[in-house]
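The file run.tsv contains TSV, C-alpha atoms:
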chain	number	residue	atom	x	y	z
X	1	MET	CA	-19.31	90.01	-18.32
X	2	LYS	CA	-16.23	91.78	-17.01
X	3	ASN	CA	-17.81	95.09	-17.86
X	4	LEU	CA	-21.02	94.18	-16.12
X	5	LYS	CA	-19.15	93.30	-12.94
X	6	LYS	CA	-17.31	96.57	-13.09
X	7	ASN	CA	-20.57	98.42	-13.49
X	8	ILE	CA	-22.17	96.63	-10.58
X	9	ALA	CA	-19.18	97.37	-8.37
X	10	LEU	CA	-19.37	101.00	-9.34
X	11	MET	CA	-23.07	101.25	-8.56
X	12	LEU	CA	-22.50	99.56	-5.22
X	13	LEU	CA	-19.75	102.00	-4.37
X	14	LEU	CA	-22.02	104.85	-5.33
X	15	ALA	CA	-24.83	103.50	-3.16
X	16	VAL	CA	-22.57	103.09	-0.13
X	17	SER	CA	-21.08	106.56	-0.44
X	18	PHE	CA	-24.51	108.15	-0.77
X	19	SER	CA	-25.99	106.42	2.23
X	20	ASN	CA	-22.91	107.49	4.18
X	21	ALA	CA	-23.36	111.05	3.12
X	22	GLN	CA	-26.96	110.98	4.24
X	23	GLU	CA	-26.16	109.57	7.65
X	24	LYS	CA	-23.56	112.24	8.25
X	25	GLU	CA	-26.05	114.94	7.99
X	26	LYS	CA	-28.20	113.64	10.27
X	27	MET	CA	-49.97	135.15	33.39
X	28	ASN	CA	-49.88	138.42	32.87
X	29	HIS	CA	-52.85	139.76	30.90
X	30	ASN	CA	-52.31	143.36	31.68
X	31	HIS	CA	-52.85	145.72	28.77
X	32	ASP	CA	-51.33	148.58	30.62
X	33	LYS	CA	-48.51	150.11	28.59
X	34	MET	CA	-46.22	150.30	31.61
X	35	MET	CA	-46.63	146.60	32.25
X	36	THR	CA	-45.99	145.49	28.70
X	37	MET	CA	-42.88	147.63	28.48
X	38	LYS	CA	-41.41	145.76	31.45
X	39	GLY	CA	-41.50	142.47	29.63
X	40	ASP	CA	-43.62	139.44	30.47
X	41	THR	CA	-42.75	135.98	31.73
X	42	LYS	CA	-42.60	134.60	28.19
X	43	SER	CA	-40.24	137.26	26.87
X	44	GLU	CA	-38.11	137.05	30.02
X	45	ALA	CA	-37.80	133.28	29.47
X	46	ILE	CA	-36.59	133.96	25.93
X	47	LEU	CA	-34.03	136.44	27.23
X	48	SER	CA	-32.79	134.07	29.90
X	49	ASP	CA	-32.26	131.29	27.31
X	50	TYR	CA	-30.53	133.77	25.02
X	51	PHE	CA	-28.08	134.80	27.76
X	52	ASN	CA	-27.33	131.19	28.66
X	53	LEU	CA	-26.68	130.50	24.99
X	54	LYS	CA	-24.43	133.55	24.76
X	55	ASN	CA	-22.45	132.34	27.79
X	56	ALA	CA	-22.00	128.90	26.22
X	57	LEU	CA	-20.55	130.56	23.12
X	58	VAL	CA	-18.28	132.71	25.30
X	59	THR	CA	-16.86	129.51	26.80
X	60	ASP	CA	-16.54	127.87	23.34
X	61	ASP	CA	-18.95	125.14	24.47
X	62	SER	CA	-20.61	124.07	21.24
X	63	LYS	CA	-22.49	121.15	22.75
X	64	LYS	CA	-24.08	123.25	25.47
X	65	ALA	CA	-24.85	125.98	22.93
X	66	ALA	CA	-26.68	123.40	20.82
X	67	GLU	CA	-28.80	122.30	23.79
X	68	LEU	CA	-29.57	125.90	24.69
X	69	GLY	CA	-30.41	126.70	21.07
X	70	ALA	CA	-33.07	124.01	21.18
X	71	LYS	CA	-34.35	125.34	24.52
X	72	LEU	CA	-34.50	128.87	23.15
X	73	ALA	CA	-36.44	127.67	20.09
X	74	THR	CA	-39.02	126.16	22.45
X	75	SER	CA	-39.29	129.38	24.47
X	76	LEU	CA	-39.66	131.42	21.29
X	77	LYS	CA	-42.49	129.23	20.08
X	78	ALA	CA	-44.24	129.65	23.41
X	79	PHE	CA	-44.24	133.43	23.11
X	80	ASP	CA	-47.71	134.95	23.40
X	81	LYS	CA	-48.18	138.02	21.24
X	82	SER	CA	-51.92	138.35	21.82
X	83	LYS	CA	-51.62	141.05	24.46
X	84	TYR	CA	-49.67	143.35	22.19
X	85	LYS	CA	-51.10	145.95	19.85
X	86	VAL	CA	-52.23	144.71	16.45
X	87	GLU	CA	-49.53	146.63	14.58
X	88	GLU	CA	-46.90	145.20	16.93
X	89	GLN	CA	-48.13	141.66	16.51
X	90	LYS	CA	-47.12	141.47	12.88
X	91	GLU	CA	-43.57	142.46	13.65
X	92	LEU	CA	-43.45	140.17	16.67
X	93	THR	CA	-44.51	137.21	14.53
X	94	ASP	CA	-41.79	138.10	12.07
X	95	ILE	CA	-39.12	138.43	14.73
X	96	ILE	CA	-40.12	135.22	16.50
X	97	GLU	CA	-40.20	133.26	13.26
X	98	ASP	CA	-36.76	134.45	12.23
X	99	ALA	CA	-35.25	133.96	15.68
X	100	THR	CA	-36.71	130.47	15.95
X	101	GLU	CA	-35.06	129.44	12.71
X	102	HIS	CA	-31.68	130.69	13.92
X	103	ALA	CA	-32.10	129.01	17.30
X	104	GLU	CA	-32.96	125.73	15.56
X	105	HIS	CA	-29.85	125.98	13.42
X	106	ILE	CA	-27.73	126.65	16.48
X	107	ALA	CA	-29.16	123.43	17.91
X	108	LYS	CA	-27.64	121.39	15.09
X	109	SER	CA	-24.48	123.19	13.98
X	110	ASP	CA	-20.79	123.36	14.77
X	111	ILE	CA	-19.47	126.36	16.70
X	112	GLY	CA	-18.59	128.40	13.58
X	113	HIS	CA	-22.13	128.18	12.29
X	114	GLN	CA	-23.58	128.70	15.73
X	115	ARG	CA	-21.79	132.02	15.92
X	116	GLU	CA	-22.97	133.06	12.46
X	117	HIS	CA	-26.56	132.40	13.44
X	118	PHE	CA	-26.06	134.03	16.81
X	119	LYS	CA	-25.33	137.31	15.06
X	120	THR	CA	-28.73	137.51	13.37
X	121	LEU	CA	-30.40	136.03	16.42
X	122	SER	CA	-28.96	138.88	18.52
X	123	LYS	CA	-30.48	141.40	16.15
X	124	ASP	CA	-33.85	139.67	16.43
X	125	ILE	CA	-33.72	139.60	20.23
X	126	SER	CA	-32.75	143.30	20.35
X	127	ASP	CA	-35.71	144.14	18.15
X	128	LEU	CA	-37.93	141.95	20.29
X	129	ILE	CA	-37.17	143.80	23.52
X	130	VAL	CA	-37.77	147.15	21.85
X	131	ILE	CA	-41.41	146.01	21.73
X	132	THR	CA	-41.71	143.83	24.83
X	133	GLY	CA	-39.37	145.73	27.11
X	134	THR	CA	-37.57	143.95	29.93
X	135	LYS	CA	-37.27	144.29	33.65
X	136	SER	CA	-33.47	143.98	33.71
X	137	THR	CA	-30.74	146.38	32.72
X	138	LEU	CA	-29.04	145.15	29.57
X	139	TYR	CA	-25.91	146.13	27.71
X	140	LYS	CA	-25.65	146.09	23.97
X	141	GLN	CA	-22.05	145.21	23.16
X	142	PHE	CA	-20.23	145.41	19.89
X	143	CYS	CA	-17.23	143.69	18.35
X	144	PRO	CA	-15.94	145.50	15.25
X	145	MET	CA	-13.90	142.50	14.08
X	146	TYR	CA	-16.41	139.71	13.68
X	147	ASP	CA	-18.11	139.64	10.27
X	148	GLY	CA	-17.80	143.37	9.60
X	149	GLY	CA	-18.98	144.30	13.08
X	150	SER	CA	-21.44	142.37	15.25
X	151	SER	CA	-23.54	143.12	18.31
X	152	TRP	CA	-24.92	141.06	21.15
X	153	LEU	CA	-26.75	141.62	24.43
X	154	SER	CA	-25.43	140.98	27.89
X	155	THR	CA	-26.65	141.40	31.48
X	156	SER	CA	-23.18	142.55	32.48
X	157	ASN	CA	-21.26	145.61	31.33
X	158	GLN	CA	-18.07	143.56	31.22
X	159	VAL	CA	-17.25	142.45	27.69
X	160	ARG	CA	-17.09	138.69	27.12
X	161	ASN	CA	-17.10	138.05	23.40
X	162	PRO	CA	-19.43	135.23	22.22
X	163	TYR	CA	-18.16	135.41	18.62
X	164	TYR	CA	-14.53	134.65	19.45
X	165	GLY	CA	-14.69	133.05	22.89
X	166	SER	CA	-11.28	132.34	24.41
X	167	LYS	CA	-9.54	133.53	21.23
X	168	MET	CA	-10.43	137.16	21.89
X	169	LEU	CA	-12.47	137.10	25.03
X	170	LYS	CA	-12.45	140.80	25.76
X	171	CYS	CA	-12.71	142.17	22.24
X	172	GLY	CA	-15.53	144.67	22.01
X	173	LYS	CA	-17.18	147.49	23.92
X	174	VAL	CA	-20.48	148.49	25.44
X	175	LYS	CA	-22.41	150.49	22.89
X	176	GLU	CA	-25.68	151.09	24.64
X	177	THR	CA	-27.28	150.58	28.01
X	178	ILE	CA	-30.89	149.45	27.95
X	179	ASN	CA	-33.04	150.42	30.98
G	1	MET	CA	-15.36	82.78	-8.19
G	2	LYS	CA	-18.78	81.20	-8.09
G	3	ALA	CA	-19.60	83.10	-4.92
G	4	VAL	CA	-18.64	86.35	-6.59
G	5	LYS	CA	-20.96	85.55	-9.43
G	6	ILE	CA	-23.85	84.83	-7.09
G	7	ILE	CA	-23.26	88.03	-5.15
G	8	ALA	CA	-23.09	89.96	-8.40
G	9	ILE	CA	-26.38	88.51	-9.56
G	10	VAL	CA	-28.07	89.22	-6.23
G	11	LEU	CA	-26.86	92.81	-6.35
G	12	LEU	CA	-27.96	93.19	-9.92
G	13	VAL	CA	-31.42	91.93	-9.07
G	14	ALA	CA	-31.59	94.28	-6.07
G	15	PHE	CA	-30.42	97.17	-8.19
G	16	VAL	CA	-33.04	96.49	-10.84
G	17	GLY	CA	-35.63	95.89	-8.12
G	18	ILE	CA	-35.19	99.26	-6.43
G	19	GLN	CA	-35.77	100.99	-9.76
G	20	PHE	CA	-39.43	100.05	-9.43
G	21	MET	CA	-39.92	101.65	-6.04
G	22	PRO	CA	-42.14	104.71	-6.31
G	23	VAL	CA	-40.49	108.12	-5.97
G	24	GLU	CA	-42.04	111.48	-5.38
G	25	ARG	CA	-40.86	113.88	-8.06
G	26	ASN	CA	-40.35	117.53	-7.24
G	27	GLN	CA	-42.14	119.04	-10.19
G	28	SER	CA	-44.87	121.61	-10.65
G	29	ASP	CA	-46.40	123.64	-13.44
G	30	GLY	CA	-45.49	127.25	-13.88
G	31	VAL	CA	-43.45	129.54	-11.66
G	32	PRO	CA	-45.27	131.38	-8.86
G	33	LYS	CA	-45.31	135.19	-8.82
G	34	THR	CA	-43.24	135.13	-5.64
G	35	ASP	CA	-40.21	133.63	-7.42
G	36	PHE	CA	-36.81	135.18	-6.72
G	37	MET	CA	-36.11	135.75	-10.43
G	38	LEU	CA	-39.48	137.37	-11.03
G	39	VAL	CA	-39.40	139.87	-8.19
G	40	ASN	CA	-35.72	140.78	-8.46
G	41	ASP	CA	-33.86	142.19	-11.40
G	42	VAL	CA	-31.33	139.37	-11.73
G	43	PRO	CA	-28.63	139.62	-14.44
G	44	SER	CA	-28.90	136.73	-16.88
G	45	ASP	CA	-25.59	135.04	-16.04
G	46	ILE	CA	-26.46	134.98	-12.34
G	47	LYS	CA	-29.95	133.85	-13.18
G	48	ASN	CA	-28.49	130.94	-15.11
G	49	LYS	CA	-26.09	130.01	-12.34
G	50	LEU	CA	-28.81	130.01	-9.70
G	51	GLN	CA	-31.10	127.98	-11.90
G	52	VAL	CA	-28.49	125.32	-12.59
G	53	SER	CA	-26.77	125.27	-9.20
G	54	CYS	CA	-29.53	125.98	-6.70
G	55	TYR	CA	-33.01	125.47	-8.09
G	56	ASP	CA	-32.86	121.68	-8.21
G	57	CYS	CA	-33.09	121.54	-4.42
G	58	HIS	CA	-34.33	125.04	-3.57
G	59	SER	CA	-37.44	125.39	-5.74
G	60	ASN	CA	-40.58	123.48	-6.65
G	61	ASN	CA	-39.00	122.22	-9.86
G	62	THR	CA	-36.09	119.84	-10.15
G	63	GLN	CA	-34.44	119.16	-13.48
G	64	TYR	CA	-34.12	115.41	-13.70
G	65	PRO	CA	-31.34	114.20	-15.99
G	66	TRP	CA	-31.38	110.40	-16.41
G	67	TYR	CA	-28.98	109.74	-13.54
G	68	ASN	CA	-31.26	111.57	-11.15
G	69	LYS	CA	-33.97	109.07	-11.98
G	70	VAL	CA	-31.81	106.06	-11.20
G	71	GLN	CA	-31.96	104.60	-7.71
G	72	PRO	CA	-30.34	105.05	-5.28
G	73	VAL	CA	-29.43	108.47	-6.69
G	74	ALA	CA	-33.09	109.51	-6.79
G	75	TRP	CA	-33.57	108.68	-3.09
G	76	PHE	CA	-30.50	110.60	-2.17
G	77	LEU	CA	-31.73	113.56	-4.17
G	78	GLU	CA	-35.24	113.36	-2.78
G	79	GLY	CA	-33.99	113.68	0.78
G	80	HIS	CA	-31.93	116.69	-0.08
G	81	ILE	CA	-34.70	118.39	-2.02
G	82	LYS	CA	-37.00	118.09	0.96
G	83	GLU	CA	-34.42	119.49	3.31
G	84	GLY	CA	-33.29	122.14	0.83
G	85	LYS	CA	-36.78	123.47	0.24
G	86	ALA	CA	-37.46	123.67	3.95
G	87	GLU	CA	-34.39	125.89	4.35
G	88	LEU	CA	-34.94	128.04	1.29
G	89	ASN	CA	-37.41	127.95	-1.57
G	90	PHE	CA	-36.56	130.49	-4.26
G	91	ASN	CA	-40.06	130.09	-5.71
G	92	GLU	CA	-41.56	131.51	-2.51
G	93	TRP	CA	-39.05	134.30	-2.05
G	94	ASP	CA	-41.43	137.23	-2.04
G	95	SER	CA	-43.68	135.73	0.60
G	96	LEU	CA	-40.88	136.39	3.11
G	97	SER	CA	-40.68	139.59	5.14
G	98	SER	CA	-37.67	141.90	4.76
G	99	ARG	CA	-36.22	140.53	7.98
G	100	ARG	CA	-36.52	136.96	6.74
G	101	LYS	CA	-35.10	137.87	3.34
G	102	ALA	CA	-32.08	139.51	4.97
G	103	SER	CA	-31.60	136.38	7.09
G	104	LYS	CA	-31.81	134.10	4.06
G	105	LEU	CA	-29.46	136.28	2.02
G	106	ARG	CA	-26.94	136.22	4.84
G	107	SER	CA	-27.10	132.43	4.87
G	108	ILE	CA	-26.89	132.21	1.07
G	109	ILE	CA	-23.75	134.35	1.11
G	110	LYS	CA	-22.14	132.35	3.92
G	111	GLN	CA	-22.93	129.02	2.33
G	112	ILE	CA	-21.56	129.96	-1.08
G	113	GLU	CA	-18.57	131.79	0.38
G	114	SER	CA	-17.53	128.80	2.45
G	115	GLY	CA	-18.13	126.41	-0.43
G	116	GLU	CA	-20.69	124.44	1.55
G	117	MET	CA	-23.23	125.06	-1.17
G	118	PRO	CA	-23.70	123.62	-3.69
G	119	MET	CA	-22.90	120.37	-1.88
G	120	ASP	CA	-19.89	118.35	-3.01
G	121	SER	CA	-21.99	115.23	-3.37
G	122	TYR	CA	-24.21	117.15	-5.78
G	123	THR	CA	-21.51	118.79	-7.89
G	124	LEU	CA	-19.80	115.39	-8.12
G	125	ILE	CA	-22.53	114.10	-10.40
G	126	HIS	CA	-23.66	117.50	-11.62
G	127	LYS	CA	-20.45	119.21	-12.71
G	128	GLU	CA	-22.05	122.32	-14.21
G	129	ALA	CA	-23.51	123.20	-10.79
G	130	ALA	CA	-20.08	123.91	-9.31
G	131	PHE	CA	-19.07	127.56	-8.81
G	132	SER	CA	-15.82	128.96	-10.15
G	133	GLU	CA	-13.98	131.46	-7.96
G	134	GLU	CA	-15.22	134.24	-10.23
G	135	GLU	CA	-18.82	133.06	-10.08
G	136	ILE	CA	-18.63	132.92	-6.29
G	137	GLN	CA	-17.56	136.58	-6.15
G	138	GLN	CA	-20.17	137.59	-8.69
G	139	VAL	CA	-23.09	135.91	-6.95
G	140	ILE	CA	-22.00	137.07	-3.50
G	141	LYS	CA	-21.72	140.64	-4.70
G	142	TYR	CA	-25.19	140.46	-6.16
G	143	MET	CA	-26.65	139.00	-2.97
G	144	GLU	CA	-24.87	141.60	-0.80
G	145	ASN	CA	-26.34	144.40	-2.89
G	146	LEU	CA	-29.76	142.87	-2.71
G	147	LYS	CA	-29.47	142.58	1.08
G	148	ASP	CA	-28.45	146.23	1.36
G	149	SER	CA	-31.39	147.31	-0.80
G	150	LEU	CA	-34.00	145.66	1.43
How does this structure look as structure tokens?
Amino acid sequence: MKNLKKNIALMLLLAVSFSNAQEKEKMNHNHDKMMTMKGDTKSEAILSDYFNLKNALVTDDSKKAAELGAKLATSLKAFDKSKYKVEEQKELTDIIEDATEHAEHIAKSDIGHQREHFKTLSKDISDLIVITGTKSTLYKQFCPMYDGGSSWLSTSNQVRNPYYGSKMLKCGKVKETIN
Amino acid sequence: MKAVKIIAIVLLVAFVGIQFMPVERNQSDGVPKTDFMLVNDVPSDIKNKLQVSCYDCHSNNTQYPWYNKVQPVAWFLEGHIKEGKAELNFNEWDSLSSRRKASKLRSIIKQIESGEMPMDSYTLIHKEAAFSEEEIQQVIKYMENLKDSL
């Protein structure tokens, strides 16, 4: 009987710890080449969400970054690839799918993870604008320290590092000017 | 003392009762051609490690030792399998594009490096799934090389 009680207590403990663990977890239809290379409203919306997200990471604001990650995921899903060339569409689908996954992770992670995902997301967004183009002038910036060297995009040529935030705000340099 | 006895009996009945609740088992026949091990040349020790440590939640086949069939362990596991497969399913590896593979490999490396995967709650009951320091380095090196070869 003593053994049985011990067993029951053990199982109960197990059950409680598991349920705890689970809770914790918890437009523009222009086919003209010139037009498409200047971006469209959908791709500009993606870019705008991306820059807001980047700024939230610069200010170490994880909560805001999470909200903006969710917003970016929505904008990515709304992207319309139909007006692009067939061979571009395949790559666009690929980019959007990958970027959406990273944006969704940013929506539910702590700041360390958000920055990890932001690195790959930045690569996706850079590849995206190679195809869609954009109407604004952008700066590709680079920090050699974060994760063996990491890039991001900015609308300003002043370096504000989204991977380190206040810890190393001005670490990095402009590597490329787009447009 | 009597109250303790009654509580114990109630719990015992509940514990037995939940064993009869239906569970969806993550099991399927055969391994699809897109499986990670089939499309990549994986050394046998790494193959073994991935199979034991990752495939229970990241493939279409879970090995179910007896304790994984006991409730509430099975429920706990079921939730994680669902979530795990949504993140990464080794069985469907080759259906991913190079970009997606690189993304997944990056996440695999980060998760193993930081010790977040395999999960503590899993290695607690499944000791052989835990990674030694040496195994961590070995698997990470393999994944890095694979990422660079994409």
Q | Close residues, region 26-29 of chain G itself excluded, 7 Å, only C-alpha atoms, min 4 positions apart in chain, as a PyMOL selection string | A | chain G and resi 60-62
Q) Counting only C-alpha atoms, what is within 10 Å of region 88-96 of chain G, bar same-chain residues fewer than 3 positions away, as a ChimeraX atom specification? A) /X:94 /G:31-40,50-51,54-55,57-61,81,83-85,99-102,104-105,107-108
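Here CA of Ala86 (chain G) stands at a distance of 18.7 Å from CA of Thr74 (chain X).
CA of Ile136 (chain G) sits 15.2 Å away from CA of Val42 (chain G).
CA of Gly69 (chain X) sits 12.0 Å away from CA of Asp110 (chain X).
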Q: Starting from chain G, keep only residues with some atom at most 12 Å from an atom of chain X, counting only C-alpha atoms, and report them as an NGL selection string.
A: :G and (4-16 or 18 or 67 or 70-80 or 83 or 86-88 or 95-107 or 109-111 or 114 or 116 or 119-122 or 124-125)
Q | Residue contacts of Ser62 (chain X) (10 Å, all atoms listed in the file) excluding same-chain residues fewer than 2 positions away, as an MDAnalysis selection string | A | chainID X and resid 53 56:60 64:68 106:115
For region 126-134 of chain G, work out the shell of residues within 6 Å, counting only C-alpha atoms and skipping chain neighbours fewer than 3 positions away, then give it as a PDB file with C-alpha atoms, keeping the file's coordinate frame.
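Below you can see result_39.pdb, which holds the result:
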ATOM      1  CA  VAL G  52     -28.490 125.320 -12.590  1.00  0.00           C
ATOM      2  CA  SER G  53     -26.770 125.270  -9.200  1.00  0.00           C
ATOM      3  CA  TYR G 122     -24.210 117.150  -5.780  1.00  0.00           C
ATOM      4  CA  THR G 123     -21.510 118.790  -7.890  1.00  0.00           C
ATOM      5  CA  GLN G 137     -17.560 136.580  -6.150  1.00  0.00           C
TER       6      GLN G 137
END
